[in-house]
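Okay, coords.pdb now, which holds PDB, C-alpha atoms:
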ATOM      1  CA  MET Q  34      40.674  20.531  21.510  1.00  0.00           C
ATOM      2  CA  LYS Q  35      39.522  17.103  22.629  1.00  0.00           C
ATOM      3  CA  SER Q  36      35.899  18.183  22.851  1.00  0.00           C
ATOM      4  CA  SER Q  37      35.913  19.446  19.234  1.00  0.00           C
ATOM      5  CA  LYS Q  38      37.316  16.104  18.005  1.00  0.00           C
ATOM      6  CA  ALA Q  39      34.685  14.224  19.982  1.00  0.00           C
ATOM      7  CA  LEU Q  40      32.000  16.520  18.565  1.00  0.00           C
ATOM      8  CA  CYS Q  41      33.247  15.845  15.009  1.00  0.00           C
ATOM      9  CA  ILE Q  42      33.224  12.107  15.599  1.00  0.00           C
ATOM     10  CA  TYR Q  43      29.697  12.204  17.058  1.00  0.00           C
ATOM     11  CA  GLY Q  44      28.554  14.360  14.133  1.00  0.00           C
ATOM     12  CA  LEU Q  45      30.030  11.910  11.641  1.00  0.00           C
ATOM     13  CA  VAL Q  46      28.407   8.915  13.358  1.00  0.00           C
ATOM     14  CA  PHE Q  47      25.051  10.732  13.428  1.00  0.00           C
ATOM     15  CA  ALA Q  48      25.326  11.580   9.710  1.00  0.00           C
ATOM     16  CA  LEU Q  49      26.077   7.939   8.868  1.00  0.00           C
ATOM     17  CA  LEU Q  50      23.092   6.753  10.910  1.00  0.00           C
ATOM     18  CA  VAL Q  51      20.760   9.228   9.209  1.00  0.00           C
ATOM     19  CA  ALA Q  52      22.064   8.211   5.781  1.00  0.00           C
ATOM     20  CA  GLY Q  53      21.477   4.539   6.666  1.00  0.00           C
ATOM     21  CA  VAL Q  54      17.874   5.215   7.671  1.00  0.00           C
ATOM     22  CA  PHE Q  55      17.137   6.962   4.385  1.00  0.00           C
ATOM     23  CA  THR Q  56      18.558   4.081   2.370  1.00  0.00           C
ATOM     24  CA  LEU Q  57      16.191   1.670   4.139  1.00  0.00           C
ATOM     25  CA  LEU Q  58      13.041   3.675   3.406  1.00  0.00           C
ATOM     26  CA  PRO Q  59      10.798   2.174   0.728  1.00  0.00           C
ATOM     27  CA  LYS Q  60      11.014   3.590  -2.748  1.00  0.00           C
ATOM     28  CA  ALA Q  61       8.520   6.317  -3.559  1.00  0.00           C
ATOM     29  CA  GLY Q  62       8.053   4.761  -6.993  1.00  0.00           C
ATOM     30  CA  ALA Q  63       5.839   1.882  -5.816  1.00  0.00           C
ATOM     31  CA  ILE Q  64       3.085   0.923  -8.237  1.00  0.00           C
ATOM     32  CA  SER Q  65      -0.429   1.727  -7.064  1.00  0.00           C
ATOM     33  CA  ALA Q  66      -2.620  -1.372  -7.354  1.00  0.00           C
ATOM     34  CA  ASP Q  67      -6.394  -1.711  -7.321  1.00  0.00           C
ATOM     35  CA  VAL Q  68      -7.307  -4.406  -4.779  1.00  0.00           C
ATOM     36  CA  ARG Q  69     -10.711  -6.051  -4.263  1.00  0.00           C
ATOM     37  CA  ILE Q  70     -11.792  -8.723  -1.765  1.00  0.00           C
ATOM     38  CA  VAL Q  71     -14.684 -11.197  -1.818  1.00  0.00           C
ATOM     39  CA  PRO Q  72     -16.546 -11.397   0.489  1.00  0.00           C
ATOM     40  CA  TRP Q  73     -16.096  -7.749   1.368  1.00  0.00           C
ATOM     41  CA  SER Q  74     -18.383  -7.989   4.423  1.00  0.00           C
ATOM     42  CA  ILE Q  75     -18.251 -10.534   7.253  1.00  0.00           C
ATOM     43  CA  SER Q  76     -19.945 -10.998  10.612  1.00  0.00           C
ATOM     44  CA  LEU Q  77     -18.122 -11.822  13.822  1.00  0.00           C
ATOM     45  CA  GLU Q  78     -21.048 -14.067  14.826  1.00  0.00           C
ATOM     46  CA  ASP Q  79     -20.136 -16.495  12.071  1.00  0.00           C
ATOM     47  CA  MET Q  80     -16.944 -18.473  11.980  1.00  0.00           C
ATOM     48  CA  GLY Q  81     -15.914 -16.372   9.008  1.00  0.00           C
ATOM     49  CA  PRO Q  82     -15.323 -17.621   5.487  1.00  0.00           C
ATOM     50  CA  LYS Q  83     -12.846 -20.428   4.898  1.00  0.00           C
ATOM     51  CA  GLN Q  84     -11.181 -18.277   2.272  1.00  0.00           C
ATOM     52  CA  PHE Q  85     -11.234 -14.875   0.669  1.00  0.00           C
ATOM     53  CA  ILE Q  86     -10.697 -14.220  -3.016  1.00  0.00           C
ATOM     54  CA  ILE Q  87      -8.413 -11.253  -3.541  1.00  0.00           C
ATOM     55  CA  ARG Q  88      -7.979  -9.600  -6.928  1.00  0.00           C
ATOM     56  CA  ILE Q  89      -5.043  -7.325  -7.741  1.00  0.00           C
ATOM     57  CA  ALA Q  90      -5.179  -5.109 -10.825  1.00  0.00           C
ATOM     58  CA  LEU Q  91      -2.034  -3.214 -11.807  1.00  0.00           C
ATOM     59  CA  PRO Q  92      -2.095  -0.109 -14.029  1.00  0.00           C
ATOM     60  CA  ASN Q  93      -1.709  -0.501 -17.784  1.00  0.00           C
ATOM     61  CA  GLY Q  94       1.824  -1.265 -18.873  1.00  0.00           C
ATOM     62  CA  ASN Q  95       2.413  -3.782 -16.072  1.00  0.00           C
ATOM     63  CA  ASN Q  96       2.261  -7.512 -16.671  1.00  0.00           C
ATOM     64  CA  HIS Q  97       0.300  -9.443 -14.028  1.00  0.00           C
ATOM     65  CA  GLU Q  98       2.414 -12.525 -14.746  1.00  0.00           C
ATOM     66  CA  ASP Q  99       5.350 -10.623 -13.214  1.00  0.00           C
ATOM     67  CA  ILE Q 100       3.753 -10.558  -9.739  1.00  0.00           C
ATOM     68  CA  ASP Q 101       5.729 -12.654  -7.250  1.00  0.00           C
ATOM     69  CA  PRO Q 102       3.055 -14.564  -5.253  1.00  0.00           C
ATOM     70  CA  GLU Q 103       5.514 -15.205  -2.408  1.00  0.00           C
ATOM     71  CA  SER Q 104       5.866 -11.470  -1.749  1.00  0.00           C
ATOM     72  CA  ILE Q 105       2.165 -10.676  -1.221  1.00  0.00           C
ATOM     73  CA  ARG Q 106       1.274  -9.507   2.288  1.00  0.00           C
ATOM     74  CA  ILE Q 107      -1.864  -8.064   3.856  1.00  0.00           C
ATOM     75  CA  GLU Q 108      -1.035  -5.750   6.747  1.00  0.00           C
ATOM     76  CA  GLY Q 109       2.391  -7.390   6.761  1.00  0.00           C
ATOM     77  CA  TYR Q 110       1.086 -10.960   7.083  1.00  0.00           C
ATOM     78  CA  ASP Q 111       1.402 -13.791   4.590  1.00  0.00           C
ATOM     79  CA  VAL Q 112      -2.176 -15.058   4.407  1.00  0.00           C
ATOM     80  CA  THR Q 113      -2.044 -16.826   1.045  1.00  0.00           C
ATOM     81  CA  LYS Q 114      -3.763 -20.186   0.853  1.00  0.00           C
ATOM     82  CA  ASP Q 115      -2.267 -23.045  -1.128  1.00  0.00           C
ATOM     83  CA  ASP Q 116      -4.656 -24.141  -3.843  1.00  0.00           C
ATOM     84  CA  PRO Q 117      -3.756 -25.896  -7.093  1.00  0.00           C
ATOM     85  CA  ASP Q 118      -6.196 -23.679  -9.044  1.00  0.00           C
ATOM     86  CA  TYR Q 119      -4.713 -20.406  -7.774  1.00  0.00           C
ATOM     87  CA  PRO Q 120      -3.281 -17.908  -8.456  1.00  0.00           C
ATOM     88  CA  LYS Q 121      -5.311 -17.080 -11.539  1.00  0.00           C
ATOM     89  CA  ILE Q 122      -3.430 -14.720 -13.800  1.00  0.00           C
ATOM     90  CA  LYS Q 123      -5.254 -12.875 -16.552  1.00  0.00           C
ATOM     91  CA  LYS Q 124      -4.393  -9.877 -18.697  1.00  0.00           C
ATOM     92  CA  LYS Q 125      -6.347  -7.511 -16.420  1.00  0.00           C
ATOM     93  CA  TYR Q 126      -5.831  -9.038 -12.959  1.00  0.00           C
ATOM     94  CA  PHE Q 127      -4.073 -11.446 -10.605  1.00  0.00           C
ATOM     95  CA  LYS Q 128      -6.327 -13.459  -8.235  1.00  0.00           C
ATOM     96  CA  PHE Q 129      -5.281 -15.485  -5.235  1.00  0.00           C
ATOM     97  CA  LEU Q 130      -6.903 -17.091  -2.212  1.00  0.00           C
ATOM     98  CA  ALA Q 131      -6.368 -15.812   1.316  1.00  0.00           C
ATOM     99  CA  ASP Q 132      -6.798 -18.287   4.171  1.00  0.00           C
ATOM    100  CA  GLY Q 133      -9.903 -17.340   6.179  1.00  0.00           C
ATOM    101  CA  SER Q 134      -8.552 -18.405   9.575  1.00  0.00           C
ATOM    102  CA  LYS Q 135      -5.286 -16.497   9.088  1.00  0.00           C
ATOM    103  CA  MET Q 136      -7.244 -13.422   7.980  1.00  0.00           C
ATOM    104  CA  MET Q 137      -9.523 -13.642  11.033  1.00  0.00           C
ATOM    105  CA  ASP Q 138      -6.760 -14.352  13.549  1.00  0.00           C
ATOM    106  CA  TRP Q 139      -4.013 -12.049  12.334  1.00  0.00           C
ATOM    107  CA  VAL Q 140      -5.525  -9.302  10.202  1.00  0.00           C
ATOM    108  CA  ILE Q 141      -9.147  -8.778  11.251  1.00  0.00           C
ATOM    109  CA  ASN Q 142      -8.900  -9.461  14.992  1.00  0.00           C
ATOM    110  CA  GLY Q 143      -5.591  -7.598  15.006  1.00  0.00           C
ATOM    111  CA  GLY Q 144      -7.306  -4.594  13.440  1.00  0.00           C
ATOM    112  CA  ILE Q 145     -10.291  -4.447  15.786  1.00  0.00           C
ATOM    113  CA  TRP Q 146      -8.976  -5.730  19.138  1.00  0.00           C
ATOM    114  CA  HIS Q 147      -8.658  -2.210  20.532  1.00  0.00           C
ATOM    115  CA  MET Q 148     -12.164  -1.129  19.477  1.00  0.00           C
ATOM    116  CA  ALA Q 149     -15.320  -1.502  21.539  1.00  0.00           C
ATOM    117  CA  PRO Q 150     -18.055  -1.661  18.909  1.00  0.00           C
ATOM    118  CA  GLY Q 151     -21.700  -1.766  19.918  1.00  0.00           C
ATOM    119  CA  PRO Q 152     -23.861  -4.779  19.091  1.00  0.00           C
ATOM    120  CA  GLY Q 153     -24.303  -5.165  15.351  1.00  0.00           C
ATOM    121  CA  GLU Q 154     -22.147  -2.116  14.631  1.00  0.00           C
ATOM    122  CA  PHE Q 155     -20.293  -1.941  11.325  1.00  0.00           C
ATOM    123  CA  ILE Q 156     -16.520  -1.623  11.473  1.00  0.00           C
ATOM    124  CA  TYR Q 157     -14.762  -0.601   8.276  1.00  0.00           C
ATOM    125  CA  LEU Q 158     -11.163  -1.806   8.167  1.00  0.00           C
ATOM    126  CA  GLU Q 159      -8.867  -0.145   5.631  1.00  0.00           C
ATOM    127  CA  LEU Q 160      -6.333  -2.860   4.859  1.00  0.00           C
ATOM    128  CA  THR Q 161      -3.131  -2.564   2.860  1.00  0.00           C
ATOM    129  CA  LEU Q 162      -1.833  -5.204   0.486  1.00  0.00           C
ATOM    130  CA  THR Q 163       1.818  -5.047  -0.537  1.00  0.00           C
ATOM    131  CA  GLY Q 164       3.957  -7.110  -2.852  1.00  0.00           C
ATOM    132  CA  GLN Q 165       6.673  -7.097  -5.478  1.00  0.00           C
ATOM    133  CA  LEU Q 166       7.078  -7.902  -9.103  1.00  0.00           C
ATOM    134  CA  LYS Q 167       9.757 -10.417 -10.046  1.00  0.00           C
ATOM    135  CA  ASP Q 168      12.128  -7.520 -10.814  1.00  0.00           C
ATOM    136  CA  GLU Q 169      11.633  -6.340  -7.184  1.00  0.00           C
ATOM    137  CA  THR Q 170       9.453  -3.342  -8.136  1.00  0.00           C
ATOM    138  CA  ALA Q 171       7.082  -2.791  -5.220  1.00  0.00           C
ATOM    139  CA  PHE Q 172       3.326  -2.402  -5.508  1.00  0.00           C
ATOM    140  CA  ALA Q 173       0.686  -1.586  -2.916  1.00  0.00           C
ATOM    141  CA  GLY Q 174      -3.028  -1.068  -2.704  1.00  0.00           C
ATOM    142  CA  THR Q 175      -5.713  -0.638  -0.079  1.00  0.00           C
ATOM    143  CA  PHE Q 176      -9.147  -2.149   0.220  1.00  0.00           C
ATOM    144  CA  THR Q 177     -12.015  -1.966   2.698  1.00  0.00           C
ATOM    145  CA  LEU Q 178     -13.382  -4.910   4.633  1.00  0.00           C
ATOM    146  CA  ARG Q 179     -16.656  -4.428   6.520  1.00  0.00           C
ATOM    147  CA  VAL Q 180     -16.886  -6.344   9.785  1.00  0.00           C
ATOM    148  CA  ILE Q 181     -20.209  -6.600  11.611  1.00  0.00           C
ATOM    149  CA  ALA Q 182     -19.874  -6.821  15.390  1.00  0.00           C
ATOM    150  CA  GLU Q 183     -21.664  -9.545  17.313  1.00  0.00           C
ATOM    151  CA  GLN Q 184     -25.234  -8.869  18.346  1.00  0.00           C
ATOM    152  CA  ASN Q 185     -25.954  -8.306  22.018  1.00  0.00           C
ATOM    153  CA  ASP Q 186     -27.257 -11.648  23.276  1.00  0.00           C
ATOM    154  CA  ASN Q 187     -28.997 -10.423  26.437  1.00  0.00           C
ATOM    155  CA  ASN Q 188     -31.909  -8.861  24.477  1.00  0.00           C
ATOM    156  CA  ASN Q 189     -31.884  -5.923  26.876  1.00  0.00           C
ATOM    157  CA  GLY Q 190     -29.836  -3.580  24.752  1.00  0.00           C
ATOM    158  CA  VAL Q 191     -26.647  -1.916  25.735  1.00  0.00           C
ATOM    159  CA  PRO Q 192     -26.646  -0.542  29.289  1.00  0.00           C
ATOM    160  CA  PRO Q 193     -26.392   3.256  29.547  1.00  0.00           C
ATOM    161  CA  PRO Q 194     -22.930   4.718  30.136  1.00  0.00           C
TER
END

Structure translated into structure tokens:
Amino acid sequence: MKSSKALCIYGLVFALLVAGVFTLLPKAGAISADVRIVPWSISLEDMGPKQFIIRIALPNGNNHEDIDPESIRIEGYDVTKDDPDYPKIKKKYFKFLADGSKMMDWVINGGIWHMAPGPGEFIYLELTLTGQLKDETAFAGTFTLRVIAEQNDNNNGVPPP
């Protein structure tokens, strides 16, 4: 009798845990945004740009003035740069500046640290931007950033494997 009570209690606790996990999952109704970045291609030989311009376009029926700039994240990082001229909000888009050093340190290097690209090889990073409208409706979009690996500086090419 005691084992059946214990089994019921464990079953109830498990059901509550599962229900809690499902309530924390993001809503499936997130708005799909079109995201563009300038410059879309960078080289690791350079210091990288001081800033990136990122443009978010929401589908028709959504007001770009409703985007909460504080909620915007790229790969989970807040990389927005403070600038008195930004964000620029128009009828068709929302533009903001991303800090170049934060992008390089957190997003780009974080995305390629595990890779071993050859000299001058192109690496295409698929990055995700997320955010919320002021009414807490989520939006997300992906964009591609091309990263060019450093050239081999020994002028002898890559040694054979």

*For Pro92 (chain Q), which residue among Q:Leu178, Q:Ala171, Q:Ile64, Q:Ile42 is the nearest when counting all atoms listed in the file?*
Q:Ile64

Please evaluate the PyMOL selection byres ((chain Q and resi 163) around 7) against the structure above and give the resulting residues as a PDB file with C-alpha atoms, keeping the file's coordinate frame.
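Dumped everything to selection.pdb:
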ATOM      1  CA  ILE Q 105       2.165 -10.676  -1.221  1.00  0.00           C
ATOM      2  CA  ARG Q 106       1.274  -9.507   2.288  1.00  0.00           C
ATOM      3  CA  ILE Q 107      -1.864  -8.064   3.856  1.00  0.00           C
ATOM      4  CA  THR Q 161      -3.131  -2.564   2.860  1.00  0.00           C
ATOM      5  CA  LEU Q 162      -1.833  -5.204   0.486  1.00  0.00           C
ATOM      6  CA  GLY Q 164       3.957  -7.110  -2.852  1.00  0.00           C
ATOM      7  CA  PHE Q 172       3.326  -2.402  -5.508  1.00  0.00           C
ATOM      8  CA  ALA Q 173       0.686  -1.586  -2.916  1.00  0.00           C
ATOM      9  CA  GLY Q 174      -3.028  -1.068  -2.704  1.00  0.00           C
TER      10      GLY Q 174
END

As a CSV table (one decimal) with C-alpha atoms, in the frame of the given file, please: the residues near Phe155 (chain Q) (cut-off 8 Å, only C-alpha atoms, same-chain neighbours under 3 positions excluded).
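Output file out.csv follows:
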chain,number,residue,atom,x,y,z
Q,150,PRO,CA,-18.1,-1.7,18.9
Q,179,ARG,CA,-16.7,-4.4,6.5
Q,180,VAL,CA,-16.9,-6.3,9.8
Q,181,ILE,CA,-20.2,-6.6,11.6
Q,182,ALA,CA,-19.9,-6.8,15.4

_Output of the PyMOL selection byres ((chain Q and resi 99) around 12), listed as a count of residues only_ = 25

_Applying the PyMOL selection byres ((chain Q and resi 70) around 7) to the file I just gave you, which residues come out? Please list them as a PyMOL selection string._
chain Q and resi 68-69+71-73+85-88

Centre, x/y/z edge lengths, axis-aligned box for region 138-142 of chain Q with 3 Å per side, as lines of an AutoDock Vina configuration file:
center_x = -6.6
center_y = -11.6
center_z = 12.6
size_x = 11.1
size_y = 11.6
size_z = 10.8

*May I ask for the distance between CA of Ala90 (chain Q) and CA of Leu77 (chain Q), given in Å to one decimal place?*
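Between CA of Ala90 (chain Q) and CA of Leu77 (chain Q) the gap works out to 28.6 Å.
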
*If I put a ball of radius 10 Å at (-8.9, -15.5, 2.0) in the file's coordinates, which residues poke into it when counting all atoms listed in the file, written as JSON, numbers by chain?*
{"Q": [70, 71, 72, 81, 82, 83, 84, 85, 86, 87, 112, 113, 114, 129, 130, 131, 132, 133, 134, 135, 136, 137]}

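The smallest atom-to-atom distance between Glu159 (chain Q) and any of Q:Lys38, Q:Ala63, Q:Glu108, Q:Ser76, using all atoms listed in the file, is found for Q:Glu108.
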
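Summary of the local environment: counting all atoms listed in the file, residues at most 12 Å from Glu183 (chain Q), other than itself and those fewer than 5 positions away along its chain, are Ile75, Ser76, Leu77, Glu78, Asp79, Met80, Ala149, Pro150, Gly151, Pro152, Gly153, Glu154, Phe155 and Ile156 of chain Q.
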
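Each of Q:Tyr119, Q:Trp146, Q:Tyr43, Q:Tyr110 was compared to Leu160 (chain Q) using only C-alpha atoms, and Q:Tyr110 turns out to be the nearest.
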
*Computed interatomic separation between CA of Gly109 (chain Q) and CA of Trp139 (chain Q) (Å)*: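 Value for the CA of Gly109 (chain Q)-CA of Trp139 (chain Q) distance: 9.7 Å.
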